[in-house]
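Quick look at coords28.pdb (PDB, C-alpha atoms):
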ATOM      1  CA  GLU D 840      -3.474 -14.683  18.625  1.00  0.00           C
ATOM      2  CA  GLU D 841      -6.237 -16.886  19.978  1.00  0.00           C
ATOM      3  CA  GLU D 842      -8.465 -13.831  20.431  1.00  0.00           C
ATOM      4  CA  TRP D 843      -7.922 -12.891  16.759  1.00  0.00           C
ATOM      5  CA  LYS D 844      -8.764 -16.402  15.594  1.00  0.00           C
ATOM      6  CA  ARG D 845     -11.832 -16.649  17.828  1.00  0.00           C
ATOM      7  CA  THR D 846     -13.122 -13.237  16.709  1.00  0.00           C
ATOM      8  CA  LEU D 847     -12.507 -13.843  13.003  1.00  0.00           C
ATOM      9  CA  ASP D 848     -13.973 -17.345  13.246  1.00  0.00           C
ATOM     10  CA  ASN D 849     -17.130 -15.981  14.902  1.00  0.00           C
ATOM     11  CA  LEU D 850     -17.457 -13.233  12.279  1.00  0.00           C
ATOM     12  CA  ALA D 851     -17.031 -15.712   9.421  1.00  0.00           C
ATOM     13  CA  MET D 852     -19.522 -18.148  10.967  1.00  0.00           C
ATOM     14  CA  SER D 853     -22.047 -15.309  11.398  1.00  0.00           C
ATOM     15  CA  GLY D 854     -22.082 -14.783   7.636  1.00  0.00           C
ATOM     16  CA  MET D 855     -19.486 -12.065   7.116  1.00  0.00           C
ATOM     17  CA  ASN D 856     -17.683 -12.960   3.937  1.00  0.00           C
ATOM     18  CA  TYR D 857     -15.425  -9.961   3.154  1.00  0.00           C
ATOM     19  CA  PHE D 858     -12.684  -8.711   5.440  1.00  0.00           C
ATOM     20  CA  ALA D 859     -10.423  -5.717   4.883  1.00  0.00           C
ATOM     21  CA  CYS D 860      -7.002  -5.448   6.436  1.00  0.00           C
ATOM     22  CA  LEU D 861      -6.715  -1.872   7.666  1.00  0.00           C
ATOM     23  CA  GLY D 862      -2.952  -2.158   8.151  1.00  0.00           C
ATOM     24  CA  MET D 863      -1.856   1.236   9.318  1.00  0.00           C
ATOM     25  CA  TRP D 864      -4.785   1.605  11.748  1.00  0.00           C
ATOM     26  CA  GLY D 865      -4.814  -1.886  13.164  1.00  0.00           C
ATOM     27  CA  ASN D 866      -2.606  -4.713  14.259  1.00  0.00           C
ATOM     28  CA  TRP D 867      -3.174  -6.779  11.105  1.00  0.00           C
ATOM     29  CA  LYS D 868      -0.633  -5.447   8.648  1.00  0.00           C
ATOM     30  CA  MET D 869       0.504  -6.754   5.269  1.00  0.00           C
ATOM     31  CA  PRO D 870       3.827  -5.056   4.528  1.00  0.00           C
ATOM     32  CA  VAL D 871       6.182  -5.814   1.677  1.00  0.00           C
ATOM     33  CA  SER D 872       9.884  -6.416   2.246  1.00  0.00           C
ATOM     34  CA  TYR D 873      10.920  -4.283  -0.756  1.00  0.00           C
ATOM     35  CA  SER D 874      12.518  -7.170  -2.583  1.00  0.00           C
ATOM     36  CA  TYR D 875      12.301  -5.166  -5.839  1.00  0.00           C
ATOM     37  CA  MET D 876      13.832  -2.088  -4.192  1.00  0.00           C
ATOM     38  CA  PRO D 877      16.279  -3.422  -1.586  1.00  0.00           C
ATOM     39  CA  GLU D 878      17.821   0.032  -1.295  1.00  0.00           C
ATOM     40  CA  LEU D 879      14.737   0.995   0.754  1.00  0.00           C
ATOM     41  CA  ARG D 880      15.329  -1.638   3.444  1.00  0.00           C
ATOM     42  CA  SER D 881      16.656  -0.479   6.777  1.00  0.00           C
ATOM     43  CA  SER D 882      17.464  -1.835  10.211  1.00  0.00           C
ATOM     44  CA  ALA D 883      17.244   1.622  11.784  1.00  0.00           C
ATOM     45  CA  PRO D 884      14.775   1.578  14.679  1.00  0.00           C
ATOM     46  CA  ASP D 885      12.900   4.626  13.358  1.00  0.00           C
ATOM     47  CA  ALA D 886      12.606   3.477   9.706  1.00  0.00           C
ATOM     48  CA  TYR D 887       8.887   3.267   9.025  1.00  0.00           C
ATOM     49  CA  ASP D 888       6.778   2.062   6.106  1.00  0.00           C
ATOM     50  CA  GLU D 889       3.864   4.500   5.777  1.00  0.00           C
ATOM     51  CA  SER D 890       2.124   2.223   3.263  1.00  0.00           C
ATOM     52  CA  SER D 891       1.595  -0.585   5.773  1.00  0.00           C
ATOM     53  CA  GLY D 892       2.011   1.120   9.126  1.00  0.00           C
ATOM     54  CA  ALA D 893       4.901  -1.169  10.082  1.00  0.00           C
ATOM     55  CA  LYS D 894       8.398  -0.418  11.248  1.00  0.00           C
ATOM     56  CA  PHE D 895      11.019  -1.948   8.975  1.00  0.00           C
ATOM     57  CA  THR D 896      12.367  -3.951  11.914  1.00  0.00           C
ATOM     58  CA  GLU D 897       8.916  -5.591  12.275  1.00  0.00           C
ATOM     59  CA  ILE D 898       8.100  -6.303   8.617  1.00  0.00           C
ATOM     60  CA  ALA D 899       8.923 -10.038   8.746  1.00  0.00           C
ATOM     61  CA  GLN D 900       6.688 -10.722  11.764  1.00  0.00           C
ATOM     62  CA  HIS D 901       3.796  -8.648  10.346  1.00  0.00           C
ATOM     63  CA  ARG D 902       4.114 -10.343   6.980  1.00  0.00           C
ATOM     64  CA  GLU D 903       3.984 -13.822   8.507  1.00  0.00           C
ATOM     65  CA  ARG D 904       1.003 -12.878  10.673  1.00  0.00           C
ATOM     66  CA  GLY D 905      -0.784 -11.179   7.785  1.00  0.00           C
ATOM     67  CA  LEU D 906      -0.430 -14.299   5.679  1.00  0.00           C
ATOM     68  CA  ARG D 907      -1.581 -16.501   8.553  1.00  0.00           C
ATOM     69  CA  LEU D 908      -4.732 -14.416   9.172  1.00  0.00           C
ATOM     70  CA  THR D 909      -5.485 -14.182   5.449  1.00  0.00           C
ATOM     71  CA  HIS D 910      -5.277 -17.971   5.036  1.00  0.00           C
ATOM     72  CA  PHE D 911      -7.314 -18.463   8.231  1.00  0.00           C
ATOM     73  CA  LEU D 912     -10.187 -16.434   6.756  1.00  0.00           C
ATOM     74  CA  GLN D 913      -9.895 -17.885   3.270  1.00  0.00           C
ATOM     75  CA  ASP D 914     -10.043 -21.406   4.731  1.00  0.00           C
ATOM     76  CA  ARG D 915     -13.477 -20.372   6.059  1.00  0.00           C
ATOM     77  CA  GLY D 916     -14.663 -19.171   2.659  1.00  0.00           C
ATOM     78  CA  ALA D 917     -14.097 -15.457   3.268  1.00  0.00           C
ATOM     79  CA  LYS D 918     -12.513 -13.014   0.863  1.00  0.00           C
ATOM     80  CA  VAL D 919      -9.759 -10.664   2.013  1.00  0.00           C
ATOM     81  CA  TRP D 920      -9.216  -7.172   0.698  1.00  0.00           C
ATOM     82  CA  LEU D 921      -6.222  -5.028   1.508  1.00  0.00           C
ATOM     83  CA  TRP D 922      -6.573  -1.330   2.299  1.00  0.00           C
ATOM     84  CA  VAL D 923      -3.688   0.511   0.583  1.00  0.00           C
ATOM     85  CA  PRO D 924      -3.066   4.194   1.327  1.00  0.00           C
ATOM     86  CA  MET D 925      -1.982   6.118  -1.759  1.00  0.00           C
ATOM     87  CA  GLY D 926       0.510   8.942  -1.497  1.00  0.00           C
ATOM     88  CA  CYS D 927       2.494   7.256   1.252  1.00  0.00           C
ATOM     89  CA  VAL D 928       6.108   6.197   0.997  1.00  0.00           C
ATOM     90  CA  PRO D 929       8.519   4.653   3.476  1.00  0.00           C
ATOM     91  CA  THR D 930      10.706   7.085   5.388  1.00  0.00           C
ATOM     92  CA  THR D 931      13.634   5.455   3.614  1.00  0.00           C
ATOM     93  CA  PHE D 932      12.225   6.429   0.193  1.00  0.00           C
ATOM     94  CA  ALA D 933      12.166  10.117   1.099  1.00  0.00           C
ATOM     95  CA  GLN D 934      15.742   9.837   2.363  1.00  0.00           C
ATOM     96  CA  ARG D 935      17.035   7.882  -0.641  1.00  0.00           C
ATOM     97  CA  PHE D 936      15.102   9.774  -3.346  1.00  0.00           C
ATOM     98  CA  PRO D 937      14.529  13.341  -2.061  1.00  0.00           C
ATOM     99  CA  GLN D 938      14.176  14.579  -5.656  1.00  0.00           C
ATOM    100  CA  ALA D 939      11.110  12.303  -6.029  1.00  0.00           C
ATOM    101  CA  MET D 940       9.318  14.128  -3.241  1.00  0.00           C
ATOM    102  CA  ALA D 941       7.038  17.134  -3.760  1.00  0.00           C
ATOM    103  CA  PRO D 942       8.772  20.503  -3.698  1.00  0.00           C
ATOM    104  CA  ARG D 943       8.153  22.734  -0.684  1.00  0.00           C
ATOM    105  CA  SER D 944       7.013  26.295  -1.266  1.00  0.00           C
ATOM    106  CA  GLY D 945      10.013  27.670   0.636  1.00  0.00           C
ATOM    107  CA  GLY D 946      12.505  25.409  -1.117  1.00  0.00           C
ATOM    108  CA  GLY D 947      13.649  21.855  -0.681  1.00  0.00           C
ATOM    109  CA  HIS D 948      11.453  18.777  -0.792  1.00  0.00           C
ATOM    110  CA  SER D 949       8.763  17.279   1.430  1.00  0.00           C
ATOM    111  CA  ASP D 950       9.663  14.285   3.570  1.00  0.00           C
ATOM    112  CA  LYS D 951       6.065  12.988   3.359  1.00  0.00           C
ATOM    113  CA  ILE D 952       4.471  13.895   0.014  1.00  0.00           C
ATOM    114  CA  PRO D 953       5.768  12.125  -3.121  1.00  0.00           C
ATOM    115  CA  CYS D 954       5.681  13.542  -6.615  1.00  0.00           C
ATOM    116  CA  PHE D 955       3.292  11.209  -8.449  1.00  0.00           C
ATOM    117  CA  THR D 956       4.889  11.892 -11.824  1.00  0.00           C
ATOM    118  CA  HIS D 957       8.545  11.488 -10.852  1.00  0.00           C
ATOM    119  CA  PRO D 958      10.188   8.418 -12.503  1.00  0.00           C
ATOM    120  CA  ASP D 959      11.624   7.193  -9.166  1.00  0.00           C
ATOM    121  CA  TYR D 960       8.159   7.286  -7.584  1.00  0.00           C
ATOM    122  CA  ARG D 961       6.678   5.476 -10.604  1.00  0.00           C
ATOM    123  CA  HIS D 962       9.361   2.795 -10.158  1.00  0.00           C
ATOM    124  CA  TYR D 963       8.492   2.592  -6.450  1.00  0.00           C
ATOM    125  CA  THR D 964       4.766   2.069  -7.101  1.00  0.00           C
ATOM    126  CA  GLU D 965       5.436  -0.707  -9.600  1.00  0.00           C
ATOM    127  CA  ALA D 966       7.891  -2.437  -7.246  1.00  0.00           C
ATOM    128  CA  PHE D 967       5.491  -2.060  -4.309  1.00  0.00           C
ATOM    129  CA  PHE D 968       2.386  -3.401  -6.054  1.00  0.00           C
ATOM    130  CA  ARG D 969       4.243  -6.192  -7.838  1.00  0.00           C
ATOM    131  CA  GLU D 970       5.567  -7.553  -4.526  1.00  0.00           C
ATOM    132  CA  LEU D 971       2.258  -6.953  -2.776  1.00  0.00           C
ATOM    133  CA  ILE D 972       0.234  -9.100  -5.164  1.00  0.00           C
ATOM    134  CA  GLU D 973       2.955 -11.748  -5.360  1.00  0.00           C
ATOM    135  CA  THR D 974       3.049 -12.017  -1.560  1.00  0.00           C
ATOM    136  CA  TYR D 975      -0.554 -11.788  -0.405  1.00  0.00           C
ATOM    137  CA  PRO D 976      -3.364 -13.852  -1.919  1.00  0.00           C
ATOM    138  CA  VAL D 977      -5.980 -11.110  -1.566  1.00  0.00           C
ATOM    139  CA  GLN D 978      -9.124 -10.877  -3.665  1.00  0.00           C
ATOM    140  CA  GLY D 979      -9.378  -7.103  -3.634  1.00  0.00           C
ATOM    141  CA  LEU D 980      -7.618  -3.833  -2.965  1.00  0.00           C
ATOM    142  CA  VAL D 981      -9.076  -0.623  -1.589  1.00  0.00           C
ATOM    143  CA  LEU D 982      -7.018   2.377  -2.670  1.00  0.00           C
ATOM    144  CA  ILE D 983      -7.415   5.197  -0.169  1.00  0.00           C
ATOM    145  CA  ARG D 984      -6.109   8.687  -0.726  1.00  0.00           C
ATOM    146  CA  ASP D 985      -3.708   9.622   2.043  1.00  0.00           C
ATOM    147  CA  ASP D 986      -2.176  12.918   1.040  1.00  0.00           C
ATOM    148  CA  ASN D 987      -0.091  13.480   4.159  1.00  0.00           C
ATOM    149  CA  GLY D 988      -1.282  17.060   4.101  1.00  0.00           C
ATOM    150  CA  GLY D 989      -1.160  17.833   0.400  1.00  0.00           C
ATOM    151  CA  LEU D 990      -0.442  16.873  -3.179  1.00  0.00           C
ATOM    152  CA  CYS D 991       2.527  17.600  -5.371  1.00  0.00           C
ATOM    153  CA  THR D 992       2.262  20.909  -7.221  1.00  0.00           C
ATOM    154  CA  CYS D 993       5.382  20.704  -9.389  1.00  0.00           C
ATOM    155  CA  GLU D 994       5.252  21.730 -13.057  1.00  0.00           C
ATOM    156  CA  ARG D 995       5.261  18.091 -14.244  1.00  0.00           C
ATOM    157  CA  CYS D 996       2.251  17.206 -12.038  1.00  0.00           C
ATOM    158  CA  GLY D 997       0.517  20.406 -13.136  1.00  0.00           C
ATOM    159  CA  ALA D 998       1.044  19.520 -16.796  1.00  0.00           C
ATOM    160  CA  ARG D 999      -0.319  16.024 -16.215  1.00  0.00           C
ATOM    161  CA  VAL D1000      -3.438  17.428 -14.531  1.00  0.00           C
ATOM    162  CA  ALA D1001      -3.949  19.987 -17.313  1.00  0.00           C
ATOM    163  CA  ALA D1002      -3.760  17.248 -19.960  1.00  0.00           C
ATOM    164  CA  SER D1003      -5.932  14.789 -18.030  1.00  0.00           C
ATOM    165  CA  ARG D1004      -9.620  14.103 -18.330  1.00  0.00           C
ATOM    166  CA  THR D1005     -10.114  14.032 -14.539  1.00  0.00           C
ATOM    167  CA  LYS D1006      -8.284  17.310 -13.779  1.00  0.00           C
ATOM    168  CA  SER D1007      -7.100  15.761 -10.507  1.00  0.00           C
ATOM    169  CA  ILE D1008      -3.619  14.438  -9.731  1.00  0.00           C
ATOM    170  CA  ALA D1009      -5.116  12.071  -7.114  1.00  0.00           C
ATOM    171  CA  TRP D1010      -7.578  10.552  -9.600  1.00  0.00           C
ATOM    172  CA  GLU D1011      -4.876  10.282 -12.224  1.00  0.00           C
ATOM    173  CA  GLU D1012      -2.815   8.313  -9.680  1.00  0.00           C
ATOM    174  CA  TYR D1013      -5.770   5.977  -9.030  1.00  0.00           C
ATOM    175  CA  LEU D1014      -6.169   5.369 -12.769  1.00  0.00           C
ATOM    176  CA  GLY D1015      -2.453   4.731 -13.169  1.00  0.00           C
ATOM    177  CA  ILE D1016      -2.434   2.238 -10.284  1.00  0.00           C
ATOM    178  CA  TYR D1017      -5.499   0.485 -11.728  1.00  0.00           C
ATOM    179  CA  GLN D1018      -3.768   0.114 -15.102  1.00  0.00           C
ATOM    180  CA  LEU D1019      -0.538  -1.032 -13.421  1.00  0.00           C
ATOM    181  CA  LEU D1020      -2.364  -3.683 -11.379  1.00  0.00           C
ATOM    182  CA  ARG D1021      -4.093  -5.071 -14.456  1.00  0.00           C
ATOM    183  CA  ARG D1022      -0.838  -5.012 -16.439  1.00  0.00           C
ATOM    184  CA  ILE D1023       1.018  -7.024 -13.787  1.00  0.00           C
ATOM    185  CA  GLY D1024      -1.765  -9.593 -13.561  1.00  0.00           C
ATOM    186  CA  PHE D1025      -3.935  -8.687 -10.561  1.00  0.00           C
ATOM    187  CA  LYS D1026      -7.384 -10.093 -11.297  1.00  0.00           C
ATOM    188  CA  GLY D1027      -9.125  -9.099  -8.068  1.00  0.00           C
ATOM    189  CA  ASP D1028     -11.477  -6.227  -7.364  1.00  0.00           C
ATOM    190  CA  ILE D1029     -10.134  -2.694  -7.054  1.00  0.00           C
ATOM    191  CA  ALA D1030     -12.062  -0.082  -5.107  1.00  0.00           C
ATOM    192  CA  VAL D1031     -11.342   3.558  -4.357  1.00  0.00           C
ATOM    193  CA  TYR D1032     -12.154   5.231  -1.061  1.00  0.00           C
TER     194      TYR D1032
END
Could I get this structure in the form of structure tokens?
Amino acid sequence: EEEWKRTLDNLAMSGMNYFACLGMWGNWKMPVSYSYMPELRSSAPDAYDESSGAKFTEIAQHRERGLRLTHFLQDRGAKVWLWVPMGCVPTTFAQRFPQAMAPRSGGGHSDKIPCFTHPDYRHYTEAFFRELIETYPVQGLVLIRDDNGGLCTCERCGARVAASRTKSIAWEEYLGIYQLLRRIGFKGDIAVY
């Protein structure tokens, strides 16, 4: 903890003024507790939140630490952005809502790739982002495409792509998330990587 504070303090004092939490690739994670979707919570040791890179059993400690580090930097005048992988869902979502996952070519549904147009996934994204911006006082979000090996190719997603101006299900998801964030009151910057 002292090494984190010393390093971040030195970076802030050197003039760095924007910091991005890279959650799933680092040890500074900002998970949500799924207060708007409690059916996704789990105490199983292997339950994992792909969106933050945290095990469900460790969400509380990561959340507290994420808030502490965010406030530490903001007290030094820095802005904090959160890196949010798109196309990721908790392992518990795939188990609870298998019909909201992309169909597999040989039958059944993926355990990694969500269907961006399924109503249960749309509900998940709203619940996730609502809690995220209510919990963490970040000034920006970086939406990164993490397709877990692919994108949904169901008829509903195909129809959405065909009717879209971007002709890309990933870009349509970015646009939908942007509109959702503005609708629920996020005033910070939104970037796409």
Output check: residues returned by the PyMOL selection byres ((chain D and resi 875) around 8), as a compact mmCIF listing (two decimals) with C-alpha atoms, keeping the file's coordinate frame:
# COMPACT_ATOMS: atom_id res chain seq x y z
CA TYR D 873 10.92 -4.28 -0.76
CA SER D 874 12.52 -7.17 -2.58
CA MET D 876 13.83 -2.09 -4.19
CA PRO D 877 16.28 -3.42 -1.59
CA ALA D 966 7.89 -2.44 -7.25
CA PHE D 967 5.49 -2.06 -4.31
CA GLU D 970 5.57 -7.55 -4.53
Determine the residue membership of the PyMOL selection byres ((chain D and resi 982) around 6) for the file above and supply it as an MDAnalysis selection string. chainID D and resid 923:924 981 983 1031
List the neighbours of Glu840 of chain D out to 12 Å using all atoms listed in the file; skip same-chain residues closer than 5 positions along the sequence, and give me the result as a PyMOL selection string. chain D and resi 845-847+866-867+904-905+907-908+911
To one decimal in Å, tell me the separation between atom CA of Tyr963 of chain D and atom CA of Ala939 of chain D.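 Calculated distance between atom CA of Tyr963 of chain D and atom CA of Ala939 of chain D is 10.1 Å.
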List the residues selected by the PyMOL selection byres ((chain D and resi 896) around 7) in the file shown, writing them as number ranges by chain. D: 882, 884, 894-895, 897-898
Give me the residues near Arg999 of chain D as a count of residues only, where near means some atom within 12 Å (using all atoms listed in the file) and where sequence neighbours in that chain fewer than 6 positions away do not count. 16
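Close contacts of His948 of chain D, defined as residues with an atom at most 9 Å away when counting only C-alpha atoms, with chain neighbours fewer than 3 positions off set aside, comprise Ala933, Pro937, Gln938, Ala939, Met940, Ala941, Pro942, Arg943, Ser944, Lys951 and Ile952 of chain D.
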To box segment 842-856 of chain D, take all atoms listed in the file, fit an axis-aligned box, add 3 Å on each side, and give centre and edge lengths in Å to one decimal, as lines of an AutoDock Vina configuration file.
center_x = -15.0
center_y = -15.1
center_z = 12.2
size_x = 20.2
size_y = 12.1
size_z = 22.5
For atom CA of Ser890 of chain D and atom CA of Gly946 of chain D, the interatomic separation in Å (one decimal):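 Separation between atom CA of Ser890 of chain D and atom CA of Gly946 of chain D: 25.8 Å.
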How many Å lie between atom CA of Trp922 of chain D and atom CA of Ala859 of chain D, rounded to one decimal?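 Those two atoms sit 6.4 Å apart.
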The residue from D:Arg995, D:Arg935, D:Arg984, D:Arg961 with the smallest atom-to-atom distance to Leu879 of chain D, counting all atoms listed in the file, is D:Arg935
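Closest approach to Ile1029 of chain D among D:Gln934, D:Pro976, D:Leu1014, D:Glu965: D:Leu1014, based on only C-alpha atoms.
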Which is closest to Asp885 of chain D among D:Tyr1013, D:Pro929, D:Asn856, D:Gly997, if we use only C-alpha atoms?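 Selected residue with least distance to Asp885 of chain D: D:Pro929.
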Have a look at D:Tyr975, D:Leu912, D:Glu994, D:Gly945 and name the one nearest to Leu850 of chain D; count all atoms listed in the file.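 Looking at the shortest contact to Leu850 of chain D, the residue is D:Leu912.
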Given all atoms listed in the file as the basis, pick out the residue of D:Pro870, D:Pro958, D:Gly854, D:Gly979 nearest to Gln900 of chain D. D:Pro870
Which residue gives the smallest distance to Asp848 of chain D among D:Arg915, D:Val977, D:Ser872, D:Gly865, with all atoms listed in the file counted? D:Arg915
